[in-house]
file upload_29.json (JSON, C-alpha atoms and all ligand atoms)
[["chain", "number", "residue", "atom", "x", "y", "z"],
["A", 106, "MET", "CA", 0.00, 0.00, 0.00],
["A", 107, "SER", "CA", 1.43, 3.39, -0.97],
["A", 108, "SER", "CA", 2.09, 6.00, 1.73],
["A", 109, "ASN", "CA", -0.87, 8.24, 2.53],
["A", 110, "PRO", "CA", -0.13, 10.82, 5.26],
["A", 111, "MET", "CA", -3.75, 12.09, 5.43],
["A", 112, "ALA", "CA", -5.06, 8.54, 5.94],
["A", 113, "GLU", "CA", -2.44, 7.89, 8.63],
["A", 114, "LEU", "CA", -3.42, 11.08, 10.45],
["A", 115, "LEU", "CA", -7.10, 10.10, 10.36],
["A", 116, "ALA", "CA", -6.33, 6.61, 11.66],
["A", 117, "ALA", "CA", -4.50, 8.08, 14.65],
["A", 118, "ALA", "CA", -6.98, 10.85, 15.40],
["A", 119, "TYR", "CA", -10.12, 8.71, 15.18],
["A", 120, "ASP", "CA", -8.92, 5.34, 16.41],
["A", 121, "ASP", "CA", -11.92, 4.72, 18.70],
["A", 122, "VAL", "CA", -14.58, 5.25, 16.03],
["A", 123, "ARG", "CA", -12.37, 3.69, 13.35],
["A", 124, "ARG", "CA", -12.53, 0.37, 15.19],
["A", 125, "ALA", "CA", -16.33, 0.70, 15.23],
["A", 126, "THR", "CA", -16.58, 1.24, 11.45],
["A", 127, "TYR", "CA", -17.07, -0.98, 8.43],
["A", 128, "ILE", "CA", -16.95, 0.59, 5.00],
["A", 129, "ALA", "CA", -19.49, -1.11, 2.70],
["A", 130, "LEU", "CA", -17.78, -2.15, -0.52],
["A", 131, "ASP", "CA", -20.95, -2.04, -2.61],
["A", 132, "VAL", "CA", -19.12, -1.77, -5.92],
["A", 133, "GLU", "CA", -19.25, -3.58, -9.22],
["A", 134, "SER", "CA", -15.87, -5.30, -9.39],
["A", 135, "GLU", "CA", -12.93, -6.62, -7.45],
["A", 136, "ALA", "CA", -10.70, -4.02, -9.11],
["A", 137, "ARG", "CA", -12.97, -1.17, -7.98],
["A", 138, "ALA", "CA", -13.16, -2.62, -4.45],
["A", 139, "LEU", "CA", -9.37, -2.79, -4.19],
["A", 140, "ALA", "CA", -9.10, 0.74, -5.58],
["A", 141, "VAL", "CA", -11.35, 1.95, -2.73],
["A", 142, "VAL", "CA", -9.23, 0.06, -0.20],
["A", 143, "GLU", "CA", -6.11, 1.64, -1.67],
["A", 144, "GLN", "CA", -7.69, 5.12, -1.66],
["A", 145, "LEU", "CA", -8.72, 4.89, 2.02],
["A", 146, "GLY", "CA", -5.33, 3.34, 2.83],
["A", 147, "PRO", "CA", -4.38, 2.98, 6.49],
["A", 148, "ALA", "CA", -7.36, 5.11, 7.61],
["A", 149, "VAL", "CA", -9.71, 2.13, 7.38],
["A", 150, "ASP", "CA", -9.17, -1.37, 8.73],
["A", 151, "GLY", "CA", -12.72, -2.77, 8.47],
["A", 152, "TYR", "CA", -14.74, -3.52, 5.33],
["A", 153, "LYS", "CA", -18.14, -5.02, 4.67],
["A", 154, "VAL", "CA", -18.50, -7.34, 1.71],
["A", 155, "GLY", "CA", -22.14, -7.61, 0.68],
["A", 156, "LEU", "CA", -24.21, -9.30, -1.96],
["A", 157, "GLU", "CA", -23.15, -7.27, -4.99],
["A", 158, "LEU", "CA", -19.41, -7.62, -4.54],
["A", 159, "PHE", "CA", -19.63, -11.21, -3.31],
["A", 160, "HIS", "CA", -21.50, -12.24, -6.44],
["A", 161, "ARG", "CA", -18.84, -10.52, -8.54],
["A", 162, "ALA", "CA", -15.69, -11.58, -6.75],
["A", 163, "GLY", "CA", -16.61, -14.32, -4.24],
["A", 164, "MET", "CA", -14.32, -15.52, -1.48],
["A", 165, "ARG", "CA", -11.25, -14.61, -3.55],
["A", 166, "LEU", "CA", -11.80, -10.96, -2.69],
["A", 167, "VAL", "CA", -12.48, -11.79, 0.95],
["A", 168, "GLU", "CA", -9.19, -13.69, 1.06],
["A", 169, "GLU", "CA", -7.43, -10.69, -0.49],
["A", 170, "LEU", "CA", -8.81, -8.37, 2.22],
["A", 171, "LEU", "CA", -7.85, -10.83, 4.96],
["A", 172, "ALA", "CA", -4.34, -11.13, 3.50],
["A", 173, "ARG", "CA", -4.05, -7.36, 3.97],
["A", 174, "ASN", "CA", -4.90, -7.80, 7.67],
["A", 175, "LEU", "CA", -8.23, -6.05, 7.25],
["A", 176, "ARG", "CA", -11.30, -6.86, 9.36],
["A", 177, "VAL", "CA", -14.10, -8.29, 7.22],
["A", 178, "PHE", "CA", -17.84, -8.28, 7.88],
["A", 179, "LEU", "CA", -19.32, -10.78, 5.43],
["A", 180, "ASP", "CA", -22.85, -9.42, 4.98],
["A", 181, "MET", "CA", -24.60, -12.41, 3.42],
["A", 182, "LYS", "CA", -27.90, -11.95, 5.32],
["A", 183, "LEU", "CA", -28.48, -15.69, 5.23],
["A", 184, "HIS", "CA", -32.17, -16.59, 5.21],
["A", 185, "ASP", "CA", -33.12, -20.19, 4.48],
["A", 186, "ILE", "CA", -34.06, -23.41, 6.25],
["A", 187, "PRO", "CA", -31.87, -24.28, 9.27],
["A", 188, "ASN", "CA", -29.86, -27.01, 7.51],
["A", 189, "THR", "CA", -28.97, -24.76, 4.56],
["A", 190, "VAL", "CA", -27.99, -21.78, 6.70],
["A", 191, "ALA", "CA", -25.86, -23.99, 8.96],
["A", 192, "GLY", "CA", -24.07, -25.43, 5.91],
["A", 193, "ALA", "CA", -23.37, -21.97, 4.49],
["A", 194, "LEU", "CA", -21.98, -20.83, 7.83],
["A", 195, "ARG", "CA", -19.74, -23.89, 8.10],
["A", 196, "ALA", "CA", -18.29, -22.91, 4.70],
["A", 197, "ILE", "CA", -17.87, -19.23, 5.68],
["A", 198, "CYS", "CA", -16.24, -20.15, 9.00],
["A", 199, "GLN", "CA", -13.27, -21.72, 7.20],
["A", 200, "TYR", "CA", -12.09, -18.08, 6.90],
["A", 201, "PRO", "CA", -11.14, -15.68, 9.71],
["A", 202, "VAL", "CA", -13.80, -13.08, 8.99],
["A", 203, "GLU", "CA", -14.76, -10.86, 11.92],
["A", 204, "MET", "CA", -18.54, -10.87, 11.52],
["A", 205, "VAL", "CA", -21.30, -12.69, 9.60],
["A", 206, "ASN", "CA", -25.05, -12.30, 9.65],
["A", 207, "VAL", "CA", -28.33, -14.11, 9.17],
["A", 208, "HIS", "CA", -31.88, -12.81, 8.88],
["A", 209, "ALA", "CA", -33.61, -13.06, 12.26],
["A", 210, "GLN", "CA", -36.82, -13.65, 10.32],
["A", 211, "GLY", "CA", -35.49, -17.14, 9.57],
["A", 212, "GLY", "CA", -36.91, -17.98, 13.00],
["A", 213, "PRO", "CA", -35.68, -19.55, 16.23],
["A", 214, "ARG", "CA", -34.67, -22.95, 14.86],
["A", 215, "MET", "CA", -32.67, -21.38, 12.06],
["A", 216, "LEU", "CA", -30.98, -19.01, 14.53],
["A", 217, "GLN", "CA", -30.07, -21.92, 16.81],
["A", 218, "ALA", "CA", -28.69, -23.93, 13.87],
["A", 219, "ALA", "CA", -26.62, -20.89, 12.87],
["A", 220, "ARG", "CA", -25.24, -20.57, 16.42],
["A", 221, "GLU", "CA", -24.27, -24.25, 16.53],
["A", 222, "ALA", "CA", -22.65, -24.14, 13.08],
["A", 223, "VAL", "CA", -20.42, -21.23, 14.08],
["A", 224, "ASP", "CA", -19.60, -22.73, 17.48],
["A", 225, "ASN", "CA", -18.43, -25.96, 15.84],
["A", 226, "SER", "CA", -16.27, -24.31, 13.16],
["A", 227, "PRO", "CA", -12.55, -23.54, 13.03],
["A", 228, "TYR", "CA", -13.15, -19.78, 13.04],
["A", 229, "LYS", "CA", -15.88, -18.22, 15.17],
["A", 230, "PRO", "CA", -16.84, -14.81, 13.78],
["A", 231, "LEU", "CA", -19.35, -12.62, 15.57],
["A", 232, "LEU", "CA", -22.78, -13.82, 14.47],
["A", 233, "VAL", "CA", -25.46, -11.15, 14.28],
["A", 234, "GLY", "CA", -29.13, -11.20, 13.27],
["A", 235, "VAL", "CA", -30.63, -8.68, 10.86],
["A", 236, "THR", "CA", -33.93, -7.52, 12.38],
["A", 237, "VAL", "CA", -35.85, -5.19, 10.01],
["A", 238, "LEU", "CA", -33.95, -3.79, 7.02],
["A", 239, "THR", "CA", -33.31, -0.06, 7.36],
["A", 240, "SER", "CA", -34.86, 0.49, 3.93],
["A", 241, "LEU", "CA", -38.28, -0.60, 5.24],
["A", 242, "GLY", "CA", -40.81, 1.84, 6.69],
["A", 243, "ASP", "CA", -44.30, 1.56, 8.16],
["A", 244, "ASP", "CA", -46.02, 1.21, 4.79],
["A", 245, "ASP", "CA", -43.68, -1.52, 3.59],
["A", 246, "LEU", "CA", -44.20, -3.49, 6.79],
["A", 247, "ARG", "CA", -47.97, -3.09, 6.57],
["A", 248, "MET", "CA", -47.84, -4.59, 3.09],
["A", 249, "LEU", "CA", -45.86, -7.49, 4.54],
["A", 250, "GLY", "CA", -48.58, -8.06, 7.15],
["A", 251, "ILE", "CA", -46.71, -6.41, 10.03],
["A", 252, "ALA", "CA", -49.17, -3.84, 11.34],
["A", 253, "ASP", "CA", -47.44, -2.62, 14.49],
["A", 254, "GLY", "CA", -44.49, -0.88, 12.87],
["A", 255, "PRO", "CA", -40.74, -1.43, 12.65],
["A", 256, "ALA", "CA", -39.90, -0.60, 16.27],
["A", 257, "ARG", "CA", -42.00, -3.41, 17.76],
["A", 258, "ALA", "CA", -40.85, -5.81, 15.05],
["A", 259, "VAL", "CA", -37.20, -5.01, 15.84],
["A", 260, "VAL", "CA", -37.76, -5.64, 19.57],
["A", 261, "ARG", "CA", -39.50, -8.97, 18.86],
["A", 262, "LEU", "CA", -36.75, -10.11, 16.50],
["A", 263, "ALA", "CA", -33.96, -8.90, 18.80],
["A", 264, "LYS", "CA", -35.46, -11.08, 21.55],
["A", 265, "LEU", "CA", -35.33, -14.11, 19.25],
["A", 266, "VAL", "CA", -31.74, -13.32, 18.33],
["A", 267, "GLN", "CA", -30.76, -12.95, 21.97],
["A", 268, "GLU", "CA", -32.55, -16.15, 23.04],
["A", 269, "ALA", "CA", -30.70, -18.11, 20.34],
["A", 270, "GLY", "CA", -27.41, -16.85, 21.79],
["A", 271, "LEU", "CA", -26.27, -14.77, 18.81],
["A", 272, "ASP", "CA", -23.77, -11.99, 19.42],
["A", 273, "GLY", "CA", -25.92, -9.05, 18.38],
["A", 274, "VAL", "CA", -28.33, -7.47, 15.95],
["A", 275, "VAL", "CA", -28.41, -5.24, 12.91],
["A", 276, "CYS", "CA", -31.06, -2.52, 13.22],
["A", 277, "SER", "CA", -31.55, 1.17, 12.59],
["A", 278, "ALA", "CA", -30.34, 3.74, 15.10],
["A", 279, "GLN", "CA", -33.97, 4.68, 15.69],
["A", 280, "GLU", "CA", -34.70, 1.43, 17.54],
["A", 281, "LEU", "CA", -31.55, 1.39, 19.70],
["A", 282, "PRO", "CA", -33.18, 3.08, 22.74],
["A", 283, "LEU", "CA", -35.72, 0.23, 22.86],
["A", 284, "LEU", "CA", -32.90, -2.29, 23.22],
["A", 285, "GLN", "CA", -31.36, -0.51, 26.23],
["A", 286, "GLY", "CA", -32.00, -2.60, 29.33],
["A", 287, "MET", "CA", -33.10, -5.54, 27.18],
["A", 288, "VAL", "CA", -29.66, -6.64, 25.94],
["A", 289, "SER", "CA", -26.29, -6.82, 27.66],
["A", 290, "SER", "CA", -23.62, -4.16, 27.11],
["A", 291, "THR", "CA", -21.55, -6.63, 25.08],
["A", 292, "PHE", "CA", -24.43, -7.39, 22.66],
["A", 293, "GLU", "CA", -23.40, -5.97, 19.27],
["A", 294, "ARG", "CA", -25.68, -3.26, 17.87],
["A", 295, "VAL", "CA", -24.66, -2.87, 14.23],
["A", 296, "VAL", "CA", -26.18, 0.16, 12.50],
["A", 297, "PRO", "CA", -26.29, 0.80, 8.76],
["A", 298, "GLY", "CA", -28.24, 3.64, 7.17],
["A", 299, "THR", "CA", -26.77, 6.63, 8.97],
["A", 300, "ARG", "CA", -26.79, 9.90, 7.08],
["A", 301, "ARG", "CA", -25.45, 13.38, 7.77],
["A", 302, "ALA", "CA", -28.01, 16.12, 7.15],
["A", 303, "GLU", "CA", -26.36, 17.07, 3.85],
["A", 304, "ASP", "CA", -26.25, 13.52, 2.47],
["A", 305, "ALA", "CA", -28.81, 11.90, 0.18],
["A", 306, "VAL", "CA", -31.15, 9.41, 1.86],
["A", 307, "GLN", "CA", -31.24, 7.22, -1.29],
["A", 308, "ASP", "CA", -33.15, 3.96, -0.77],
["A", 309, "GLN", "CA", -32.93, 4.03, 3.04],
["A", 310, "THR", "CA", -35.95, 4.89, 5.22],
["A", 311, "ARG", "CA", -35.17, 4.53, 8.92],
["A", 312, "ILE", "CA", -32.09, 6.75, 8.90],
["A", 313, "ALA", "CA", -30.42, 8.68, 11.71],
["A", 314, "THR", "CA", -27.34, 10.84, 12.02],
["A", 315, "PRO", "CA", -24.05, 9.20, 13.02],
["A", 316, "GLN", "CA", -24.11, 11.32, 16.20],
["A", 317, "LEU", "CA", -27.49, 9.90, 17.22],
["A", 318, "ALA", "CA", -26.47, 6.34, 16.35],
["A", 319, "MET", "CA", -23.45, 6.49, 18.66],
["A", 320, "ARG", "CA", -25.35, 8.35, 21.37],
["A", 321, "ASN", "CA", -28.05, 5.65, 21.23],
["A", 322, "GLY", "CA", -25.50, 2.90, 21.83],
["A", 323, "ALA", "CA", -24.47, 1.61, 18.40],
["A", 324, "THR", "CA", -21.37, -0.56, 18.74],
["A", 325, "ARG", "CA", -20.52, -0.53, 15.02],
["A", 326, "LEU", "CA", -21.58, 1.61, 12.08],
["A", 327, "VAL", "CA", -21.66, 0.56, 8.43],
["A", 328, "LEU", "CA", -20.79, 3.49, 6.17],
["A", 329, "GLY", "CA", -21.54, 3.05, 2.49],
["A", 330, "ARG", "CA", -22.21, 5.31, -0.44],
["A", 331, "ALA", "CA", -21.79, 8.56, 1.49],
["A", 332, "VAL", "CA", -18.08, 7.68, 1.79],
["A", 333, "VAL", "CA", -17.32, 5.33, -1.09],
["A", 334, "ALA", "CA", -19.07, 7.38, -3.77],
["A", 335, "ALA", "CA", -17.94, 10.77, -2.41],
["A", 336, "GLU", "CA", -15.71, 12.97, -4.56],
["A", 337, "ASP", "CA", -13.21, 12.92, -1.70],
["A", 338, "PRO", "CA", -13.82, 9.70, 0.29],
["A", 339, "LEU", "CA", -11.22, 10.49, 3.00],
["A", 340, "SER", "CA", -12.76, 13.85, 3.69],
["A", 341, "ALA", "CA", -16.29, 12.34, 3.74],
["A", 342, "LEU", "CA", -15.01, 9.68, 6.15],
["A", 343, "GLN", "CA", -13.50, 12.33, 8.40],
["A", 344, "ASN", "CA", -16.88, 14.10, 8.54],
["A", 345, "TYR", "CA", -18.57, 10.85, 9.59],
["A", 346, "TRP", "CA", -15.94, 10.03, 12.17],
["A", 347, "ARG", "CA", -16.11, 13.54, 13.61],
["A", 348, "ALA", "CA", -19.87, 13.12, 13.94],
["A", 349, "MET", "CA", -19.51, 9.64, 15.49],
["A", 350, "LYS", "CA", -17.03, 11.02, 18.03],
["A", 351, "GLU", "CA", -19.44, 13.84, 18.93],
["A", 352, "GLY", "CA", -22.11, 11.21, 19.57],
["A", 353, "LEU", "CA", -19.76, 9.09, 21.70],
["A", 354, "ASN", "CA", -18.66, 12.02, 23.80],
["A", 355, "GLY", "CA", -21.91, 13.54, 24.53],
["B", 1, "LIG", "O1", -30.87, -3.21, 7.42],
["B", 1, "LIG", "C1", -29.84, -3.12, 6.71],
["B", 1, "LIG", "C2", -28.90, -4.11, 6.63],
["B", 1, "LIG", "C3", -27.79, -3.92, 5.85],
["B", 1, "LIG", "N1", -27.62, -2.80, 5.14],
["B", 1, "LIG", "C4", -26.37, -2.66, 4.33],
["B", 1, "LIG", "O2", -25.63, -1.53, 4.79],
["B", 1, "LIG", "C5", -25.11, -0.79, 3.70],
["B", 1, "LIG", "C6", -25.65, 0.60, 3.73],
["B", 1, "LIG", "O3", -25.14, 1.32, 2.63],
["B", 1, "LIG", "P1", -25.47, 2.86, 2.37],
["B", 1, "LIG", "O4", -24.79, 3.14, 1.07],
["B", 1, "LIG", "O5", -24.87, 3.62, 3.52],
["B", 1, "LIG", "O6", -26.95, 3.01, 2.31],
["B", 1, "LIG", "C7", -25.46, -1.58, 2.44],
["B", 1, "LIG", "O7", -24.35, -2.39, 2.12],
["B", 1, "LIG", "C8", -26.63, -2.46, 2.84],
["B", 1, "LIG", "O8", -26.62, -3.70, 2.17],
["B", 1, "LIG", "C9", -28.55, -1.81, 5.20],
["B", 1, "LIG", "O9", -28.43, -0.74, 4.56],
["B", 1, "LIG", "N2", -29.64, -1.99, 6.01]]
call {"tool": "encode", "arguments": {"input": "upload_29.json", "output": "structure tokens"}}
result
Amino acid sequence: MSSNPMAELLAAAYDDVRRATYIALDVESEARALAVVEQLGPAVDGYKVGLELFHRAGMRLVEELLARNLRVFLDMKLHDIPNTVAGALRAICQYPVEMVNVHAQGGPRMLQAAREAVDNSPYKPLLVGVTVLTSLGDDDLRMLGIADGPARAVVRLAKLVQEAGLDGVVCSAQELPLLQGMVSSTFERVVPGTRRAEDAVQDQTRIATPQLAMRNGATRLVLGRAVVAAEDPLSALQNYWRAMKEGLNG
């Protein structure tokens, strides 16, 4: 990796929030993903590989990130019958990724099978359950037959996740206050869909600022297009980290 003094300065100045960040590599090719990694340089040590990039580049890209000593959140959002999810997790857990996820809506037996699969594998990444996608709002949920809104659905699903012994949940920052007192302090609360006031909401619905997410107890934030697609990604990242720090400190 070429020297990048600005990235090194950011890494040092924002180390606490840096360790709580994954940059979502939602890009169209392995080459583009590695170009982003190169551009952010030593500032960033955690990346999320999701469906788009995985279906382009597969585990080869994950291996490349791991070889660079980067933390990887493999965002596969597994949602299938228990046997199939367990098998997929056994395959994933041959690699030292830091975090993987399943859809909590797969139900208690699937969540338990996921837990057992990870526990019996060579590597044991953090296993978190996606509650209600941050793109979904009241109207979407009503059309899916969920009449009492995202907040109650998140609480219900978080309980299932907790009872199955998973390590945490993915939810929006808006629901985090409802989890206080319900989950332990070590339970991961992974929050995508944060936006600064000046950033486009895009296809997200239940957004919040990075300040509010951290203030509400998020343990990790996923930052995507607002950083990766910015004209100056390092400067966009600095703005997010500054905001996250403000939320942490007050
Ligand atoms: O509920 C969820 C679960 C996962 N995601 C993922 O996070 C990023 C968000 O990207 P932005 O560009 O910041 O919107 C993306 O990879 C999603 O797949 C989510 O948004 N919501």
call {"tool": "residues_near_ligand", "arguments": {"input": "upload_29.json", "ligand": "ligand LIG 1 (chain B)", "cutoff": "10 Å", "atoms": "all atoms listed in the file", "output": "number ranges by chain"}}
result
A: 127-132, 153-158, 180-182, 206, 208, 234-241, 274-277, 295-300, 305-312, 326-334
call {"tool": "residues_near_point", "arguments": {"input": "upload_29.json", "point": "(-32.5, 4.0, 17.1)", "cutoff": "8 Å", "atoms": "all atoms listed in the file", "output": "PyMOL selection string"}}
result
chain A and resi 276-283+313+317-318+321
call {"tool": "write_last_selection", "arguments": {"input": "upload_29.json", "atoms": "C-alpha atoms", "output": "JSON list (two decimals), in the coordinates of the input"}}
result
[["chain", "number", "residue", "atom", "x", "y", "z"],
["A", 276, "CYS", "CA", -31.06, -2.52, 13.22],
["A", 277, "SER", "CA", -31.55, 1.17, 12.59],
["A", 278, "ALA", "CA", -30.34, 3.74, 15.10],
["A", 279, "GLN", "CA", -33.97, 4.68, 15.69],
["A", 280, "GLU", "CA", -34.70, 1.43, 17.54],
["A", 281, "LEU", "CA", -31.55, 1.39, 19.70],
["A", 282, "PRO", "CA", -33.18, 3.08, 22.74],
["A", 283, "LEU", "CA", -35.72, 0.23, 22.86],
["A", 313, "ALA", "CA", -30.42, 8.68, 11.71],
["A", 317, "LEU", "CA", -27.49, 9.90, 17.22],
["A", 318, "ALA", "CA", -26.47, 6.34, 16.35],
["A", 321, "ASN", "CA", -28.05, 5.65, 21.23]]
call {"tool": "closest_residue", "arguments": {"input": "upload_29.json", "among": "A:Leu262, A:Ala335, A:Leu284, A:Ala193", "to": "A:Gln210", "atoms": "only C-alpha atoms"}}
result
A:Leu262
call {"tool": "axis_aligned_box", "arguments": {"input": "upload_29.json", "around": "stretch 245-251 of chain A", "padding_each_side": "4 Å", "output": "AutoDock Vina command-line options"}}
result
--center_x -46.1 --center_y -4.8 --center_z 6.6 --size_x 12.9 --size_y 14.5 --size_z 14.9
call {"tool": "atom_distance", "arguments": {"input": "upload_29.json", "atom1": "atom CA of A:Leu166", "atom2": "atom CA of A:Pro147"}}
result
18.3 Å
call {"tool": "residues_near_point", "arguments": {"input": "upload_29.json", "point": "(-25.3, -19.0, 11.1)", "cutoff": "12 Å", "atoms": "all atoms listed in the file", "output": "PyMOL selection string"}}
result
chain A and resi 179-198+204-209+211-226+229-235+266+269-272
call {"tool": "residues_around", "arguments": {"input": "upload_29.json", "residues": "A:Thr291", "least_positions_apart": "3", "cutoff": "9 Å", "atoms": "only C-alpha atoms", "output": "VMD selection string"}}
result
chain A and resid 272 to 273 288 294 324
call {"tool": "write_last_selection", "arguments": {"input": "upload_29.json", "atoms": "C-alpha atoms", "output": "PDB file, keeping the file's coordinate frame"}}
result
ATOM      1  CA  ASP A 272     -23.770 -11.990  19.420  1.00  0.00           C
ATOM      2  CA  GLY A 273     -25.920  -9.050  18.380  1.00  0.00           C
ATOM      3  CA  VAL A 288     -29.660  -6.640  25.940  1.00  0.00           C
ATOM      4  CA  ARG A 294     -25.680  -3.260  17.870  1.00  0.00           C
ATOM      5  CA  THR A 324     -21.370  -0.560  18.740  1.00  0.00           C
TER       6      THR A 324
END
call {"tool": "atom_distance", "arguments": {"input": "upload_29.json", "atom1": "atom CA of A:Glu351", "atom2": "atom CA of A:Met319"}}
result
8.4 Å
call {"tool": "closest_residue", "arguments": {"input": "upload_29.json", "among": "A:Arg123, A:Arg347, A:Arg161, A:Arg176", "to": "A:Arg301", "atoms": "only C-alpha atoms"}}
result
A:Arg347
call {"tool": "atom_distance", "arguments": {"input": "upload_29.json", "atom1": "atom CA of A:Met287", "atom2": "atom CA of A:Gly322"}}
result
12.6 Å
call {"tool": "closest_residue", "arguments": {"input": "upload_29.json", "among": "A:Gln343, A:Gln316, A:Ser290, A:Asn109", "to": "A:Gly355", "atoms": "only C-alpha atoms"}}
result
A:Gln316
call {"tool": "closest_residue", "arguments": {"input": "upload_29.json", "among": "A:Ala125, A:Met111, A:Leu246, A:Val202", "to": "A:Pro315", "atoms": "only C-alpha atoms"}}
result
A:Ala125
call {"tool": "closest_residue", "arguments": {"input": "upload_29.json", "among": "A:Leu353, A:His160, A:Trp346, A:Ala263", "to": "A:Tyr119", "atoms": "all atoms listed in the file"}}
result
A:Trp346
call {"tool": "closest_residue", "arguments": {"input": "upload_29.json", "among": "A:Glu203, A:Glu143, A:Asp120, A:Glu133", "to": "A:Ser108", "atoms": "all atoms listed in the file"}}
result
A:Glu143
call {"tool": "decode", "arguments": {"input": "upload_29.json", "residues": "stretch 232-244 of chain A", "atoms": "C-alpha atoms", "output": "mmCIF file, in the first residue's frame"}}
result
data_model
loop_
_atom_site.group_PDB
_atom_site.id
_atom_site.type_symbol
_atom_site.label_atom_id
_atom_site.label_comp_id
_atom_site.auth_asym_id
_atom_site.auth_seq_id
_atom_site.Cartn_x
_atom_site.Cartn_y
_atom_site.Cartn_z
ATOM 1 C CA LEU A 232 -22.781 -13.825 14.474
ATOM 2 C CA VAL A 233 -25.457 -11.150 14.275
ATOM 3 C CA GLY A 234 -29.129 -11.196 13.272
ATOM 4 C CA VAL A 235 -30.633 -8.678 10.856
ATOM 5 C CA THR A 236 -33.931 -7.515 12.378
ATOM 6 C CA VAL A 237 -35.852 -5.192 10.012
ATOM 7 C CA LEU A 238 -33.954 -3.793 7.016
ATOM 8 C CA THR A 239 -33.314 -0.064 7.359
ATOM 9 C CA SER A 240 -34.859 0.490 3.927
ATOM 10 C CA LEU A 241 -38.283 -0.596 5.239
ATOM 11 C CA GLY A 242 -40.811 1.845 6.690
ATOM 12 C CA ASP A 243 -44.301 1.562 8.159
ATOM 13 C CA ASP A 244 -46.019 1.207 4.794
#
